[in-house]
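*Asks:* Once you've had a glance at the structure underneath, I'll fire off some questions.
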Amino acid sequence: MLTIQELKQRACAAIEQRSQELIGVSQDILSHPEPGYSETRTSRVVSDKFTELGIPHDNGLALTGVKGRIQGEAGPGPRVAVIGELDSLIVGQHPFADAETNAAHACGHHCQIGMMLGATIGLQTPEVLEQLSGEIVPFAVPAEEFIEVERRLQLREEGRVEFLGGKQELIKLGHFDDIDMAMMCHTASDMAERKFAVGGTSNGHVVKYVQFAGRGSHAGGAPHLGINALNAASFALQAINANRETLREEDTARIHGIMTKGGEAVNAVPADVKLEWRVRSGSPDAVVRNSAIVDRCFRAGALAVGASVKITNIPGYLPMRHDNVLAGLFRQNAQELLGESAILTIPASRNRGGSTDMGDLSHIIPACHPYVGGAVGTGHSKDYVVRDYEQAVINPAKIMAMVVIDLLSDGGSRAKEIVSSHRPAMQRQSYLTHQRSQAEIIEFNGADL
Ligand SMILES: [Zn+2]
Ligand SMILES: [Zn+2]
């Protein structure tokens, strides 16, 4: 019987041995970026790899998810998911952007697939698996980046998904019902000398698809006959900005968006204007409060020029809740691998401002979402690239394998402790009720007043 230390060494050695291959998979995905719910090629890469590794798996979960299943050979026990996100962003200027679709991995998700496969390979080492109980569930999940709202609403219309975020949809479909806890690592570029960060939280949010409708007319000959939907939208954005001073410091609010259609031809009064908007805040209550302010502003824009507006409110993500015991295991193992000075502990109250659907999952089961270095540049921009693949793929693969060994060795006693001490913020059903209550369509005609 090997000691836990020896098991970790074996797993890390197996990952090390295949490090070039794992980095190769990540770089291949980097060169073939696909945004959420369209990750068909990326999903196939994972599925082929699982087949090659002899891992039974299901494909096509929430359209593109791939869920593997590896039984520990020491008997039944808790089931631990190691997650990797499949999707890219849309950043057309990124050096690795797809020339046709503008898709680009400007958030480092391509590394997540490499590290998820790496952790799996480490844990599949025969003498390691022999001493693990329960189940390891390597899980490639779709659509974390909440983008292309109009296209995803179309998928919703077609009945192909209900939720626009991948983990939300997987939760709804019950694909996390047989999982006791989940982990992943996300790349980061803002950690200075540190290589690994754990803790903190993220913003919740609500997403808005906003359509202003006016009346078209000749912009030179008869502007008085038109109703300018672009002016309505522009007025609404000023109204939103006028409310920024009322936002509470502690809510970490971020209110931002894009205009996806501003009119059709420069010589016609714009009659059809579309925006995708987002309201982020640190707590679900603050999201509701700030979302109502923004809805008021969109109405104000319509009212000002007598246009009409339709606001489709779409359930966004919940703030991240880290399980303390899982986070502690990540910290310990990262320290062991990288040294104490390489680890940053983020206070639980520190909100990074972004959002992740790992937050949704963390309301239901114990979860951990640490950060690893290796990237440079600003996230979601053309500058965000991974420079150090050893750091961004191989180290987190080893750390996740080490954490799983802690959890599932010794009859799975650590994992069982986590399960029994965890107090979920929501059950699956109350989660779905909460999220569905966010979905709302507001229609307002400014010409009625
Ligand atoms: Zn991102
Ligand atoms: Zn990301």
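Identifiers in the structure tokens: chain A, B, ... in order shown; residue index from 1 per chain; ligand index from 1 in order shown.
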As a short mmCIF file (atom, residue, chain, number, x, y, z; two decimals) with all heavy atoms, in the first residue's frame, please: every protein or nucleic acid residue near ligand 1 (cut-off 10 Å, counting only C-alpha atoms and all ligand atoms).

*Replies:*
```cif
data_model
loop_
_atom_site.label_atom_id
_atom_site.label_comp_id
_atom_site.auth_asym_id
_atom_site.auth_seq_id
_atom_site.Cartn_x
_atom_site.Cartn_y
_atom_site.Cartn_z
N ASP A 87 -15.55 26.59 -24.01
CA ASP A 87 -15.87 27.69 -24.92
C ASP A 87 -14.83 28.79 -24.99
O ASP A 87 -14.04 29.01 -24.09
CB ASP A 87 -17.22 28.31 -24.54
CG ASP A 87 -17.23 28.92 -23.15
OD1 ASP A 87 -16.57 28.37 -22.24
OD2 ASP A 87 -17.87 29.97 -22.96
N SER A 88 -14.89 29.52 -26.11
CA SER A 88 -14.03 30.68 -26.32
C SER A 88 -14.86 31.95 -26.19
O SER A 88 -16.07 31.90 -25.97
CB SER A 88 -13.42 30.64 -27.72
OG SER A 88 -14.40 31.03 -28.67
N LEU A 89 -14.19 33.06 -26.39
CA LEU A 89 -14.85 34.36 -26.45
C LEU A 89 -14.96 34.78 -27.92
O LEU A 89 -14.61 34.01 -28.82
CB LEU A 89 -13.99 35.39 -25.69
CG LEU A 89 -14.18 35.40 -24.18
CD1 LEU A 89 -13.02 36.09 -23.53
CD2 LEU A 89 -15.48 36.14 -23.85
N HIS A 105 -9.68 32.39 -27.85
CA HIS A 105 -9.52 32.00 -26.44
C HIS A 105 -8.80 33.11 -25.68
O HIS A 105 -7.62 33.01 -25.39
CB HIS A 105 -8.79 30.66 -26.33
CG HIS A 105 -9.70 29.50 -26.50
ND1 HIS A 105 -10.63 29.15 -25.54
CD2 HIS A 105 -9.88 28.64 -27.52
CE1 HIS A 105 -11.32 28.10 -25.96
NE2 HIS A 105 -10.89 27.77 -27.16
N ALA A 106 -9.55 34.16 -25.36
CA ALA A 106 -8.97 35.29 -24.63
C ALA A 106 -9.29 35.20 -23.14
O ALA A 106 -9.19 36.18 -22.41
CB ALA A 106 -9.51 36.60 -25.21
N CYS A 107 -9.68 33.99 -22.69
CA CYS A 107 -9.93 33.77 -21.27
C CYS A 107 -9.22 32.50 -20.79
O CYS A 107 -9.40 32.05 -19.68
CB CYS A 107 -11.43 33.71 -20.98
SG CYS A 107 -11.86 34.03 -19.26
N GLY A 108 -8.45 31.88 -21.68
CA GLY A 108 -7.62 30.73 -21.28
C GLY A 108 -8.34 29.41 -21.11
O GLY A 108 -7.77 28.47 -20.55
N HIS A 109 -9.58 29.30 -21.61
CA HIS A 109 -10.32 28.04 -21.38
C HIS A 109 -9.66 26.86 -22.09
O HIS A 109 -9.85 25.72 -21.66
CB HIS A 109 -11.78 28.18 -21.81
CG HIS A 109 -12.56 29.18 -20.99
ND1 HIS A 109 -13.91 29.34 -21.09
CD2 HIS A 109 -12.16 30.05 -20.04
CE1 HIS A 109 -14.32 30.28 -20.25
NE2 HIS A 109 -13.27 30.74 -19.60
N GLU A 144 -19.50 28.91 -20.83
CA GLU A 144 -19.35 29.69 -19.58
C GLU A 144 -19.43 31.18 -19.85
O GLU A 144 -20.02 31.93 -19.08
CB GLU A 144 -18.02 29.34 -18.90
CG GLU A 144 -17.88 29.94 -17.50
CD GLU A 144 -17.34 31.36 -17.48
OE1 GLU A 144 -16.63 31.75 -18.43
OE2 GLU A 144 -17.62 32.11 -16.51
N GLU A 145 -18.83 31.60 -20.97
CA GLU A 145 -18.86 33.04 -21.31
C GLU A 145 -20.28 33.38 -21.76
O GLU A 145 -20.78 32.79 -22.71
CB GLU A 145 -17.87 33.34 -22.45
CG GLU A 145 -16.42 32.96 -22.16
CD GLU A 145 -15.77 33.88 -21.13
OE1 GLU A 145 -16.41 34.84 -20.67
OE2 GLU A 145 -14.59 33.62 -20.79
N PHE A 146 -20.87 34.38 -21.10
CA PHE A 146 -22.27 34.71 -21.39
C PHE A 146 -22.31 35.74 -22.52
O PHE A 146 -22.44 36.94 -22.28
CB PHE A 146 -22.94 35.25 -20.12
CG PHE A 146 -24.40 34.93 -20.03
CD1 PHE A 146 -24.91 34.23 -18.95
CD2 PHE A 146 -25.27 35.31 -21.04
CE1 PHE A 146 -26.27 33.93 -18.86
CE2 PHE A 146 -26.62 35.02 -20.97
CZ PHE A 146 -27.12 34.32 -19.87
N ILE A 147 -22.15 35.26 -23.75
CA ILE A 147 -22.06 36.16 -24.91
C ILE A 147 -23.06 35.71 -25.98
O ILE A 147 -23.76 34.73 -25.78
CB ILE A 147 -20.62 36.21 -25.49
CG1 ILE A 147 -20.15 34.81 -25.89
CG2 ILE A 147 -19.66 36.83 -24.46
CD1 ILE A 147 -18.84 34.78 -26.65
N HIS A 186 -8.82 28.18 -13.20
CA HIS A 186 -8.94 29.16 -14.29
C HIS A 186 -7.61 29.89 -14.42
O HIS A 186 -7.00 30.25 -13.41
CB HIS A 186 -10.06 30.14 -13.96
CG HIS A 186 -10.52 30.92 -15.15
ND1 HIS A 186 -9.73 31.88 -15.76
CD2 HIS A 186 -11.67 30.87 -15.86
CE1 HIS A 186 -10.39 32.37 -16.79
NE2 HIS A 186 -11.56 31.78 -16.88
N THR A 187 -7.16 30.14 -15.64
CA THR A 187 -5.91 30.88 -15.81
C THR A 187 -6.12 32.36 -15.47
O THR A 187 -7.23 32.87 -15.55
CB THR A 187 -5.38 30.80 -17.26
OG1 THR A 187 -6.35 31.35 -18.13
CG2 THR A 187 -5.08 29.37 -17.66
N ALA A 188 -5.03 33.02 -15.09
CA ALA A 188 -5.11 34.45 -14.75
C ALA A 188 -3.80 35.12 -15.14
O ALA A 188 -2.75 34.46 -15.26
CB ALA A 188 -5.38 34.64 -13.27
N GLY A 354 -15.83 39.95 -11.97
CA GLY A 354 -16.37 39.13 -13.07
C GLY A 354 -17.44 38.19 -12.55
O GLY A 354 -17.87 38.28 -11.39
N SER A 355 -17.87 37.29 -13.41
CA SER A 355 -18.92 36.34 -13.03
C SER A 355 -18.59 34.98 -13.65
O SER A 355 -17.95 34.92 -14.69
CB SER A 355 -20.28 36.78 -13.56
OG SER A 355 -20.55 38.11 -13.21
N THR A 356 -19.07 33.93 -12.99
CA THR A 356 -18.89 32.58 -13.54
C THR A 356 -20.08 31.71 -13.14
O THR A 356 -20.62 31.88 -12.03
CB THR A 356 -17.58 31.92 -13.04
OG1 THR A 356 -17.61 30.52 -13.39
CG2 THR A 356 -17.40 32.03 -11.53
N GLY A 379 -7.50 40.16 -19.39
CA GLY A 379 -8.51 39.14 -19.72
C GLY A 379 -9.56 39.69 -20.68
O GLY A 379 -9.93 40.86 -20.60
N HIS A 380 -10.03 38.86 -21.59
CA HIS A 380 -11.08 39.21 -22.56
C HIS A 380 -10.62 40.26 -23.58
O HIS A 380 -11.44 40.86 -24.25
CB HIS A 380 -12.38 39.71 -21.87
CG HIS A 380 -13.08 38.63 -21.10
ND1 HIS A 380 -14.40 38.72 -20.70
CD2 HIS A 380 -12.66 37.41 -20.67
CE1 HIS A 380 -14.75 37.62 -20.05
NE2 HIS A 380 -13.71 36.82 -20.02
N SER A 381 -9.31 40.48 -23.67
CA SER A 381 -8.82 41.43 -24.67
C SER A 381 -7.87 40.71 -25.64
O SER A 381 -7.48 39.57 -25.40
CB SER A 381 -8.09 42.59 -24.00
OG SER A 381 -6.74 42.23 -23.75
#
```

*Asks:* Extract, using only C-alpha atoms, all DNA, RNA and protein residues at most 8 Å from Gly373 of chain A, discarding same-chain residues fewer than 3 positions from it, and format them as JSON, numbers by chain.

*Replies:* {"A": [187, 188, 189, 190, 191, 194, 195, 196, 391, 392]}

*Asks:* Pick the closest to ligand 2 from A:Trp277, A:Tyr371, A:Phe235, A:Phe176: which is it, counting only C-alpha atoms and all ligand atoms?

*Replies:*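 Under the stated criterion, the closest residue is A:Tyr371.
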
*Asks:* Restricting the calculation to only C-alpha atoms: of A:His110, A:Lys172, A:Arg10, A:His205, which residue gets closest to Val46 of chain A?

*Replies:*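 Closest to Val46 of chain A, using only C-alpha atoms: A:His110.
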
*Asks:* Using only C-alpha atoms, which of A:Gly118, A:Gly339, A:Gly65, A:Pro95 sits nearest Arg18 of chain A?

*Replies:*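 Answer, going by the shortest atom-to-atom distance: A:Gly118.
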
*Asks:* Name all residues at most 7 Å from Asp360 of chain A (count only C-alpha atoms; drop same-chain ones fewer than 6 positions away) and give them as a list in words.

*Replies:*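 Residues near the query, excluding close chain neighbours: Gln168, Tyr317 and Leu318 of chain A.
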